[in-house]
>>> print(open('work.cif').read())   # mmCIF, C-alpha atoms
data_my_file
#
loop_
_atom_site.label_atom_id
_atom_site.label_comp_id
_atom_site.auth_asym_id
_atom_site.auth_seq_id
_atom_site.Cartn_x
_atom_site.Cartn_y
_atom_site.Cartn_z
CA MET A 1 -8.05 45.08 -26.00
CA ASP A 2 -9.17 48.59 -25.17
CA LEU A 3 -8.48 51.65 -27.35
CA ALA A 4 -5.15 52.40 -25.66
CA GLN A 5 -3.91 48.82 -26.09
CA LEU A 6 -4.81 48.85 -29.77
CA ASN A 7 -2.18 51.55 -30.27
CA TYR A 8 0.64 49.40 -28.84
CA THR A 9 3.43 48.29 -31.11
CA THR A 10 3.44 44.70 -32.31
CA THR A 11 6.14 43.74 -29.81
CA LYS A 12 4.27 45.22 -26.86
CA LYS A 13 1.02 43.58 -27.99
CA GLU A 14 2.74 40.20 -27.96
CA LEU A 15 4.16 40.88 -24.51
CA LEU A 16 0.70 42.00 -23.37
CA ALA A 17 -0.72 38.63 -24.51
CA ILE A 18 1.93 36.78 -22.46
CA VAL A 19 1.21 38.92 -19.38
CA PHE A 20 -2.54 38.38 -19.79
CA ALA A 21 -2.12 34.60 -20.08
CA LEU A 22 0.20 34.36 -17.07
CA ASP A 23 -2.13 36.50 -14.97
CA LYS A 24 -5.30 34.54 -15.78
CA PHE A 25 -3.80 31.04 -15.71
CA CYS A 26 -1.25 31.55 -12.98
CA SER A 27 -2.16 28.37 -11.07
CA TYR A 28 -1.76 26.24 -14.21
CA LEU A 29 1.43 27.79 -15.60
CA LEU A 30 3.57 27.72 -12.47
CA GLY A 31 6.71 25.74 -13.26
CA SER A 32 6.65 26.56 -16.99
CA LYS A 33 10.03 27.64 -18.32
CA ILE A 34 9.70 28.16 -22.07
CA ILE A 35 7.40 30.38 -24.18
CA PHE A 36 7.80 29.98 -27.94
CA THR A 37 7.22 33.05 -30.11
CA ASP A 38 7.97 34.21 -33.63
CA HIS A 39 9.01 37.75 -32.56
CA ALA A 40 12.74 37.82 -31.72
CA ALA A 41 12.64 41.45 -30.48
CA LEU A 42 10.60 40.38 -27.44
CA ARG A 43 13.73 39.10 -25.67
CA PHE A 44 15.43 42.49 -25.91
CA LEU A 45 12.31 44.37 -24.72
CA LEU A 46 12.63 42.72 -21.31
CA LYS A 47 16.26 43.91 -21.03
CA LYS A 48 15.50 47.52 -21.91
CA LEU A 49 17.12 49.96 -19.45
CA ASP A 50 14.98 53.08 -19.85
CA ALA A 51 11.66 51.22 -19.47
CA LYS A 52 8.35 52.95 -18.85
CA PRO A 53 6.24 52.22 -15.72
CA ARG A 54 3.89 50.00 -17.70
CA LEU A 55 6.76 47.81 -18.89
CA ILE A 56 8.21 47.71 -15.36
CA ARG A 57 4.87 46.39 -14.00
CA TRP A 58 4.86 43.66 -16.62
CA MET A 59 8.44 42.69 -15.82
CA LEU A 60 7.59 42.43 -12.09
CA LEU A 61 4.74 40.03 -12.94
CA LEU A 62 7.01 37.90 -15.14
CA GLN A 63 9.56 37.60 -12.34
CA GLU A 64 7.13 35.37 -10.46
CA PHE A 65 7.75 32.68 -13.09
CA ASP A 66 10.91 30.88 -14.11
CA ILE A 67 10.51 31.51 -17.84
CA GLU A 68 12.74 31.66 -20.87
CA ILE A 69 11.68 33.21 -24.17
CA ARG A 70 13.03 31.57 -27.32
CA ASP A 71 12.52 32.59 -30.90
CA LYS A 72 10.58 30.25 -33.15
CA ARG A 73 9.91 31.01 -36.79
CA GLY A 74 6.34 31.36 -37.97
CA ALA A 75 6.76 28.42 -40.36
CA GLU A 76 7.44 26.18 -37.35
CA ASN A 77 4.74 27.74 -35.15
CA LEU A 78 1.78 27.32 -37.50
CA VAL A 79 -1.09 27.23 -35.02
CA VAL A 80 -0.22 30.41 -33.15
CA ASP A 81 0.78 32.16 -36.38
CA HIS A 82 -2.59 31.32 -37.95
CA LEU A 83 -4.58 32.51 -34.92
CA SER A 84 -2.73 35.82 -34.89
CA ARG A 85 -3.73 36.51 -38.51
CA ILE A 86 -7.48 35.91 -38.17
CA GLU A 87 -9.41 39.01 -39.16
CA ARG A 88 -10.92 40.80 -36.20
CA GLU A 89 -14.71 41.10 -36.21
CA SER A 90 -16.37 44.49 -35.97
CA ASN A 91 -18.47 43.53 -32.93
CA PRO A 92 -16.68 40.64 -31.25
CA MET A 93 -18.32 38.68 -28.47
CA PRO A 94 -16.83 39.66 -25.10
CA ILE A 95 -14.65 37.02 -23.45
CA GLN A 96 -15.95 35.76 -20.13
CA ASP A 97 -12.64 35.68 -18.27
CA GLU A 98 -14.07 35.99 -14.77
CA PHE A 99 -14.02 32.74 -12.78
CA LEU A 100 -15.62 32.30 -9.39
CA ASP A 101 -13.21 31.05 -6.77
CA GLU A 102 -15.44 28.13 -5.82
CA GLN A 103 -15.45 26.87 -9.41
CA LEU A 104 -11.67 26.69 -9.76
CA LEU A 105 -10.12 23.30 -8.97
CA GLN A 106 -13.45 22.10 -7.62
CA VAL A 107 -13.44 18.50 -6.40
CA SER A 108 -16.73 16.63 -6.24
CA LYS A 109 -17.06 14.44 -3.14
CA ILE A 110 -19.85 12.10 -2.07
CA THR A 111 -21.16 12.92 1.38
CA PRO A 112 -21.06 9.80 3.60
CA TRP A 113 -24.30 8.52 5.08
CA PHE A 114 -23.12 9.26 8.64
CA ALA A 115 -22.12 12.90 8.02
CA ASN A 116 -25.08 14.36 9.95
CA ILE A 117 -24.51 11.95 12.84
CA CYS A 118 -20.86 12.98 13.14
CA TYR A 119 -21.83 16.65 12.92
CA TYR A 120 -24.32 16.25 15.74
CA ILE A 121 -21.97 14.23 17.98
CA VAL A 122 -19.00 16.57 17.53
CA ALA A 123 -20.72 19.97 17.40
CA SER A 124 -24.10 19.17 19.03
CA LYS A 125 -25.81 20.95 16.13
CA PHE A 126 -28.45 19.82 13.67
CA PRO A 127 -27.98 20.16 9.91
CA PRO A 128 -29.51 23.32 8.42
CA LYS A 129 -33.10 23.15 7.18
CA ALA A 130 -33.70 19.84 8.99
CA SER A 131 -37.28 19.02 9.90
CA ARG A 132 -38.44 18.49 13.46
CA LEU A 133 -39.00 14.76 12.93
CA TYR A 134 -35.53 14.35 11.46
CA LYS A 135 -34.00 16.20 14.40
CA GLU A 136 -35.77 13.90 16.85
CA LYS A 137 -34.65 10.81 14.93
CA LEU A 138 -31.06 12.08 14.70
CA GLU A 139 -30.98 12.82 18.42
CA SER A 140 -32.34 9.35 19.19
CA ASP A 141 -29.89 7.54 16.88
CA ALA A 142 -26.80 9.49 17.97
CA LYS A 143 -26.67 7.78 21.37
CA TYR A 144 -25.78 4.50 19.63
CA TYR A 145 -22.70 5.97 17.92
CA ILE A 146 -19.21 6.82 19.15
CA TRP A 147 -16.90 9.24 17.33
CA ASP A 148 -13.20 8.34 17.55
CA ASP A 149 -11.38 10.45 14.99
CA PRO A 150 -11.19 9.50 12.12
CA TYR A 151 -13.80 6.71 12.45
CA LEU A 152 -17.40 6.48 13.59
CA TRP A 153 -18.40 3.37 15.56
CA ARG A 154 -21.84 1.78 16.07
CA LEU A 155 -22.51 0.51 19.59
CA TYR A 156 -24.72 -2.59 19.89
CA SER A 157 -26.66 -3.83 22.91
CA ASP A 158 -23.95 -6.42 23.66
CA GLN A 159 -21.43 -3.54 24.02
CA VAL A 160 -19.59 -4.59 20.84
CA ILE A 161 -18.70 -1.71 18.55
CA HIS A 162 -18.74 -1.90 14.75
CA ARG A 163 -16.90 0.46 12.44
CA CYS A 164 -19.12 2.48 10.11
CA ILE A 165 -17.82 2.39 6.54
CA MET A 166 -18.45 4.81 3.68
CA ASP A 167 -20.66 4.08 0.68
CA SER A 168 -17.66 3.67 -1.62
CA LYS A 169 -16.38 0.78 0.53
CA ILE A 170 -19.62 -1.24 0.63
CA LYS A 171 -19.14 -3.20 -2.60
CA PRO A 172 -15.48 -4.13 -1.90
CA VAL A 173 -16.47 -5.36 1.57
CA LEU A 174 -19.33 -7.47 0.20
CA TYR A 175 -17.05 -8.89 -2.48
CA LEU A 176 -14.48 -9.83 0.17
CA PHE A 177 -17.00 -11.72 2.32
CA HIS A 178 -18.96 -13.31 -0.54
CA SER A 179 -16.97 -13.74 -3.75
CA ALA A 180 -13.33 -13.72 -2.64
CA SER A 181 -11.30 -16.87 -1.99
CA GLY A 182 -12.56 -17.13 1.60
CA GLY A 183 -16.09 -15.90 0.94
CA GLY A 184 -17.81 -19.18 0.14
CA HIS A 185 -20.62 -17.64 -1.98
CA TYR A 186 -23.16 -17.95 0.82
CA GLY A 187 -26.63 -16.42 0.80
CA SER A 188 -27.39 -12.81 1.58
CA THR A 189 -28.22 -13.35 5.28
CA ARG A 190 -25.07 -15.36 5.93
CA THR A 191 -22.93 -12.85 4.00
CA ALA A 192 -24.35 -9.91 5.97
CA GLN A 193 -23.78 -11.81 9.22
CA LYS A 194 -20.14 -12.42 8.27
CA VAL A 195 -19.70 -8.68 7.70
CA LEU A 196 -21.15 -7.96 11.14
CA ASP A 197 -18.95 -10.64 12.72
CA TYR A 198 -15.92 -8.74 11.43
CA GLU A 199 -17.31 -5.57 13.06
CA PHE A 200 -18.35 -3.53 10.01
CA TYR A 201 -21.64 -1.67 9.80
CA TRP A 202 -23.87 0.46 7.60
CA PRO A 203 -27.68 0.85 7.86
CA THR A 204 -28.66 -1.03 4.69
CA ILE A 205 -26.29 -3.96 5.13
CA PHE A 206 -28.90 -6.73 4.67
CA ARG A 207 -30.55 -5.07 1.67
CA ASP A 208 -27.20 -4.41 -0.03
CA ALA A 209 -26.07 -7.98 0.66
CA TYR A 210 -29.28 -9.33 -0.93
CA GLN A 211 -28.79 -7.19 -4.05
CA PHE A 212 -25.12 -8.16 -4.32
CA VAL A 213 -25.81 -11.90 -4.02
CA SER A 214 -28.76 -11.77 -6.42
CA ILE A 215 -26.53 -10.46 -9.26
CA SER A 216 -23.53 -12.72 -8.53
CA GLU A 217 -22.66 -14.54 -11.74
CA GLN A 218 -21.34 -17.69 -10.06
CA CYS A 219 -24.37 -18.01 -7.80
CA GLN A 220 -26.80 -17.52 -10.68
CA ARG A 221 -24.96 -20.06 -12.85
CA VAL A 222 -24.90 -22.82 -10.23
CA GLY A 223 -28.20 -22.14 -8.48
CA ILE A 224 -29.69 -20.36 -5.55
CA ALA A 225 -27.61 -19.84 -2.44
CA ILE A 226 -27.96 -22.25 0.46
CA SER A 227 -30.25 -21.08 3.24
CA ARG A 228 -31.74 -22.73 6.30
CA ARG A 229 -34.93 -23.80 4.54
CA HIS A 230 -32.85 -25.82 2.04
CA GLU A 231 -31.01 -27.75 4.71
CA MET A 232 -31.87 -31.36 5.41
CA PRO A 233 -34.17 -31.84 8.43
CA GLN A 234 -32.11 -32.87 11.41
CA GLN A 235 -32.84 -34.78 14.58
CA PRO A 236 -29.70 -34.10 16.61
CA ILE A 237 -28.41 -36.71 19.00
CA LEU A 238 -28.10 -35.62 22.62
CA PHE A 239 -24.59 -34.57 23.60
CA CYS A 240 -22.79 -33.12 26.60
CA GLU A 241 -19.61 -31.26 25.67
CA VAL A 242 -17.74 -29.92 22.67
CA PHE A 243 -15.92 -32.56 20.58
CA ASP A 244 -17.82 -35.44 22.24
CA ILE A 245 -19.80 -36.53 19.17
CA TRP A 246 -18.49 -36.47 15.60
CA GLY A 247 -20.08 -37.40 12.28
CA ILE A 248 -17.89 -38.69 9.43
CA ASP A 249 -18.61 -39.20 5.74
CA PHE A 250 -16.94 -39.51 2.33
CA MET A 251 -17.70 -37.39 -0.74
CA GLY A 252 -16.91 -38.59 -4.23
CA PRO A 253 -15.64 -39.87 -6.45
CA PHE A 254 -14.96 -36.56 -8.24
CA PRO A 255 -13.07 -36.03 -11.51
CA VAL A 256 -9.40 -36.61 -10.70
CA SER A 257 -7.52 -33.39 -9.81
CA ASN A 258 -3.80 -33.66 -9.02
CA GLY A 259 -4.34 -37.33 -8.18
CA TYR A 260 -7.16 -36.73 -5.68
CA SER A 261 -10.73 -37.89 -6.29
CA TYR A 262 -12.35 -38.13 -2.80
CA ILE A 263 -13.00 -35.79 0.12
CA LEU A 264 -13.18 -37.06 3.70
CA LEU A 265 -15.24 -34.86 6.05
CA ILE A 266 -15.75 -35.02 9.81
CA VAL A 267 -17.88 -32.55 11.79
CA ASP A 268 -18.43 -31.95 15.51
CA TYR A 269 -22.12 -31.95 16.43
CA VAL A 270 -21.79 -29.29 19.14
CA SER A 271 -19.55 -26.59 17.70
CA ARG A 272 -20.11 -27.50 13.99
CA TRP A 273 -16.33 -27.55 13.58
CA VAL A 274 -15.40 -29.20 10.28
CA GLU A 275 -12.20 -30.97 9.27
CA VAL A 276 -11.81 -31.80 5.57
CA VAL A 277 -9.02 -33.56 3.68
CA ALA A 278 -8.65 -34.60 0.02
CA THR A 279 -7.77 -38.27 -0.52
CA LYS A 280 -6.79 -40.47 -3.42
CA THR A 281 -8.78 -43.50 -2.19
CA ASN A 282 -11.68 -44.12 0.18
CA ASP A 283 -10.48 -47.25 1.95
CA ALA A 284 -10.34 -48.00 5.69
CA LYS A 285 -6.62 -47.21 5.99
CA VAL A 286 -7.23 -43.59 4.92
CA VAL A 287 -9.97 -43.20 7.54
CA VAL A 288 -7.85 -44.71 10.34
CA ASP A 289 -4.82 -42.55 9.52
CA PHE A 290 -7.01 -39.44 9.35
CA LEU A 291 -8.56 -40.09 12.77
CA LYS A 292 -5.17 -40.67 14.37
CA SER A 293 -3.36 -37.67 12.86
CA ASN A 294 -6.12 -35.05 12.55
CA ILE A 295 -8.71 -35.81 15.24
CA PHE A 296 -7.31 -37.76 18.20
CA SER A 297 -4.04 -35.79 18.26
CA MET A 298 -5.70 -32.37 17.98
CA PHE A 299 -9.10 -32.65 19.69
CA CYS A 300 -8.48 -35.50 22.14
CA VAL A 301 -10.44 -38.73 22.02
CA HIS A 302 -14.16 -38.24 21.56
CA LYS A 303 -16.96 -40.38 22.90
CA VAL A 304 -19.15 -41.16 19.87
CA LEU A 305 -18.48 -41.44 16.13
CA ILE A 306 -21.47 -41.57 13.72
CA ASN A 307 -21.01 -43.06 10.25
CA ASP A 308 -22.97 -44.97 7.64
CA GLN A 309 -22.82 -48.68 6.85
CA ARG A 310 -20.23 -48.52 4.08
CA SER A 311 -17.24 -50.86 4.37
CA ASN A 312 -14.69 -48.04 4.62
CA PHE A 313 -16.16 -47.10 8.02
CA TYR A 314 -17.63 -50.38 9.26
CA ASN A 315 -14.70 -52.84 9.28
CA ARG A 316 -12.27 -54.58 11.58
CA ALA A 317 -9.58 -51.87 11.45
CA MET A 318 -12.04 -49.15 12.48
CA SER A 319 -13.62 -51.32 15.18
CA SER A 320 -10.20 -52.14 16.62
CA LEU A 321 -9.10 -48.49 16.65
CA LEU A 322 -12.29 -47.20 18.27
CA LYS A 323 -12.31 -50.01 20.83
CA LYS A 324 -8.69 -49.21 21.76
CA TYR A 325 -9.53 -45.56 22.51
CA GLY A 326 -12.94 -46.23 24.02
CA VAL A 327 -15.02 -44.57 21.30
CA VAL A 328 -18.58 -45.77 20.69
CA GLN A 329 -19.37 -46.26 17.00
CA LYS A 330 -22.98 -45.58 15.98
CA ILE A 331 -24.13 -46.81 12.58
CA ALA A 332 -26.63 -44.66 10.68
CA THR A 333 -29.89 -46.23 9.55
CA ALA A 334 -29.95 -47.28 5.93
CA TYR A 335 -31.78 -44.90 3.57
CA HIS A 336 -32.20 -42.44 6.41
CA PRO A 337 -29.46 -39.78 6.07
CA GLN A 338 -30.98 -37.64 8.83
CA THR A 339 -29.24 -39.92 11.34
CA ASN A 340 -25.96 -38.29 10.32
CA GLY A 341 -27.58 -35.01 9.28
CA GLN A 342 -24.73 -32.63 10.16
CA ALA A 343 -22.25 -34.43 7.92
CA LYS A 344 -24.74 -34.55 5.04
CA VAL A 345 -25.52 -30.83 5.33
CA PHE A 346 -21.86 -29.84 5.25
CA ASN A 347 -21.27 -32.22 2.34
CA ARG A 348 -23.81 -30.33 0.29
CA LYS A 349 -22.43 -26.92 1.33
CA ILE A 350 -18.88 -27.86 0.33
CA LYS A 351 -20.07 -29.21 -3.01
CA LYS A 352 -21.90 -25.94 -3.72
CA ILE A 353 -18.78 -23.92 -2.85
CA PHE A 354 -16.62 -26.08 -5.13
CA GLN A 355 -19.09 -25.65 -7.99
CA LYS A 356 -18.84 -21.88 -7.71
CA MET A 357 -15.13 -21.51 -7.07
CA ALA A 358 -13.44 -24.42 -8.86
CA ASN A 359 -11.66 -23.77 -12.13
CA PRO A 360 -13.32 -25.42 -15.18
CA SER A 361 -10.00 -27.19 -15.84
CA ARG A 362 -10.34 -28.88 -12.38
CA LYS A 363 -6.65 -28.35 -11.73
CA ASP A 364 -7.00 -26.19 -8.61
#
>>> encode(input="work.cif", output="structure tokens")
Amino acid sequence: MDLAQLNYTTTKKELLAIVFALDKFCSYLLGSKIIFTDHAALRFLLKKLDAKPRLIRWMLLLQEFDIEIRDKRGAENLVVDHLSRIERESNPMPIQDEFLDEQLLQVSKITPWFANICYYIVASKFPPKASRLYKEKLESDAKYYIWDDPYLWRLYSDQVIHRCIMDSKIKPVLYLFHSASGGGHYGSTRTAQKVLDYEFYWPTIFRDAYQFVSISEQCQRVGIAISRRHEMPQQPILFCEVFDIWGIDFMGPFPVSNGYSYILLIVDYVSRWVEVVATKTNDAKVVVDFLKSNIFSMFCVHKVLINDQRSNFYNRAMSSLLKKYGVVQKIATAYHPQTNGQAKVFNRKIKKIFQKMANPSRKD
């Protein structure tokens, strides 16, 4: 307080403190209705008829708020009562009550990686203090982007556009395509390719996918992710059209889960389309019923079926069914799984996925 304010009466000093607080913290106190005080005469000061100009100015400021002043005894208002009785120092430190406008209610935001590209496309201006090399690079890269408010799109050579996503969305997107229920826990290259197939883009997609997969707990616990160099060498059989040649194989037995202990898999050699079903047994009847209900009825009758020499595939029931529909049955060479390489590769991929995603209780 200055020298003039030190001469105020106790009631006016208390009112001055309220006016000072409301003026400095106006944006925080809007909506407040009650101010507790231990000076009952303050309520009557606001209703004084022959008020001085100074009091009138204070009352005009208070009218901006919906406030109500109630009396509260000092014994019940201990904190404020104690602060008001602290002895004043002879040379007090001045209070820094000046706040810069840009520091009030400041919100920190992360600038997206494509901010400069959007700025150049929309305003045709370069960012301030940009070097000549950066300006040339920005001008060269901008022709591959399209701004469609509120999104930026990346145009590829095949005329397919991909939506550019912000840095905060990268980890959720990678989790969705790698670790979620439909992710499959594939390697970094396959995960990044899945992201691109769903038309998302950011510049470091392959590097971020590699880092995300390398720290995945499930992948580290089971083993390295499947890549092309881990696949079984294949010598594909010549084919003509989609769904002409299929390879079939059984997986199992597995620990029993809900009564099922085997998995029957069939894969098309052209499109790599896979059909999988869980079975309770691995006999010929299961195979015949599966071919009738899931393959012949949905994909028409194919020309060739490749299987191994086990009795559940090589028997009279299978031979009769295939002969009826005109399907040629080719038997894989013993101890040479490359003959039915596609089925073996997908067997291993499905087993890896189950190891990473199956519940330890084996009830899912």
>>> closest_residue(input="work.cif", among="A:Phe65, A:Tyr134, A:Gly182, A:Val274", to="Tyr28 in chain A", atoms="all atoms listed in the file")
A:Phe65
>>> residues_around(input="work.cif", residues="range 203-209 of chain A", least_positions_apart="5", cutoff="7 Å", atoms="all atoms listed in the file", output="list in words")
Leu174, Ser188, Thr189, Thr191 and Ala192 of chain A
>>> atom_distance(input="work.cif", atom1="CA of Asp71 in chain A", atom2="CA of Leu16 in chain A")
16.9 Å
>>> resolve_selection(input="work.cif", expression="the PyMOL selection byres ((chain A and resi 280) around 8)", output="JSON, numbers by chain")
{"A": [259, 260, 261, 262, 278, 279, 281, 282]}
>>> residues_around(input="work.cif", residues="range 159-171 of chain A", least_positions_apart="4", cutoff="7 Å", atoms="all atoms listed in the file", output="list of chain:residue names")
A:Pro112, A:Tyr151, A:Leu152, A:Trp153, A:Arg154, A:Leu155, A:Tyr175, A:Glu199, A:Phe200, A:Tyr201, A:Trp202
>>> write_last_selection(input="work.cif", atoms="C-alpha atoms", output="compact mmCIF listing (two decimals), in the frame of the given file")
# COMPACT_ATOMS: atom_id res chain seq x y z
CA PRO A 112 -21.06 9.80 3.60
CA TYR A 151 -13.80 6.71 12.45
CA LEU A 152 -17.40 6.48 13.59
CA TRP A 153 -18.40 3.37 15.56
CA ARG A 154 -21.84 1.78 16.07
CA LEU A 155 -22.51 0.51 19.59
CA TYR A 175 -17.05 -8.89 -2.48
CA GLU A 199 -17.31 -5.57 13.06
CA PHE A 200 -18.35 -3.53 10.01
CA TYR A 201 -21.64 -1.67 9.80
CA TRP A 202 -23.87 0.46 7.60
>>> residues_around(input="work.cif", residues="range 49-61 of chain A", least_positions_apart="6", cutoff="10 Å", atoms="all atoms listed in the file", output="list in words")
Lys12, Leu15, Leu16, Ile18, Val19, Phe20, Leu22 and Asp23 of chain A
>>> closest_residue(input="work.cif", among="A:Val79, A:Leu265, A:Val256, A:Leu291", to="Leu321 in chain A", atoms="all atoms listed in the file")
A:Leu291
>>> closest_residue(input="work.cif", among="A:Met357, A:Ala334, A:Leu62, A:Ala317", to="Ala21 in chain A", atoms="all atoms listed in the file")
A:Leu62
>>> residues_near_point(input="work.cif", point="(-20.8, -32.6, 11.0)", cutoff="9 Å", atoms="only C-alpha atoms", output="VMD selection string")
chain A and resid 246 to 249 265 to 270 272 to 275 340 to 347
>>> atom_distance(input="work.cif", atom1="CA of Cys219 in chain A", atom2="CA of Lys349 in chain A")
12.9 Å
>>> atom_distance(input="work.cif", atom1="CA of Ser27 in chain A", atom2="CA of Ile69 in chain A")
19.7 Å
>>> resolve_selection(input="work.cif", expression="the PyMOL selection byres ((chain A and resi 181) around 12)", output="list in words")
Tyr175, Leu176, Phe177, His178, Ser179, Ala180, Gly182, Gly183, Gly184, His185, Ile353, Phe354, Lys356, Met357 and Ala358 of chain A
>>> resolve_selection(input="work.cif", expression="the PyMOL selection byres ((chain A and resi 251) around 6)", output="JSON, numbers by chain")
{"A": [250, 252, 262, 263]}
>>> axis_aligned_box(input="work.cif", around="range 295-305 of chain A", padding_each_side="5 Å", output="JSON")
{"center_x": -11.6, "center_y": -36.9, "center_z": 19.1, "size_x": 25.1, "size_y": 19.1, "size_z": 17.7}
>>> closest_residue(input="work.cif", among="A:Ile245, A:Ala123, A:Cys26, A:Ile350", to="His302 in chain A", atoms="all atoms listed in the file")
A:Ile245
>>> closest_residue(input="work.cif", among="A:Phe313, A:Phe212, A:Phe243, A:Trp113", to="Phe296 in chain A", atoms="all atoms listed in the file")
A:Phe243
>>> closest_residue(input="work.cif", among="A:Val173, A:Leu138, A:Asn307, A:Ile331", to="Lys194 in chain A", atoms="only C-alpha atoms")
A:Val173
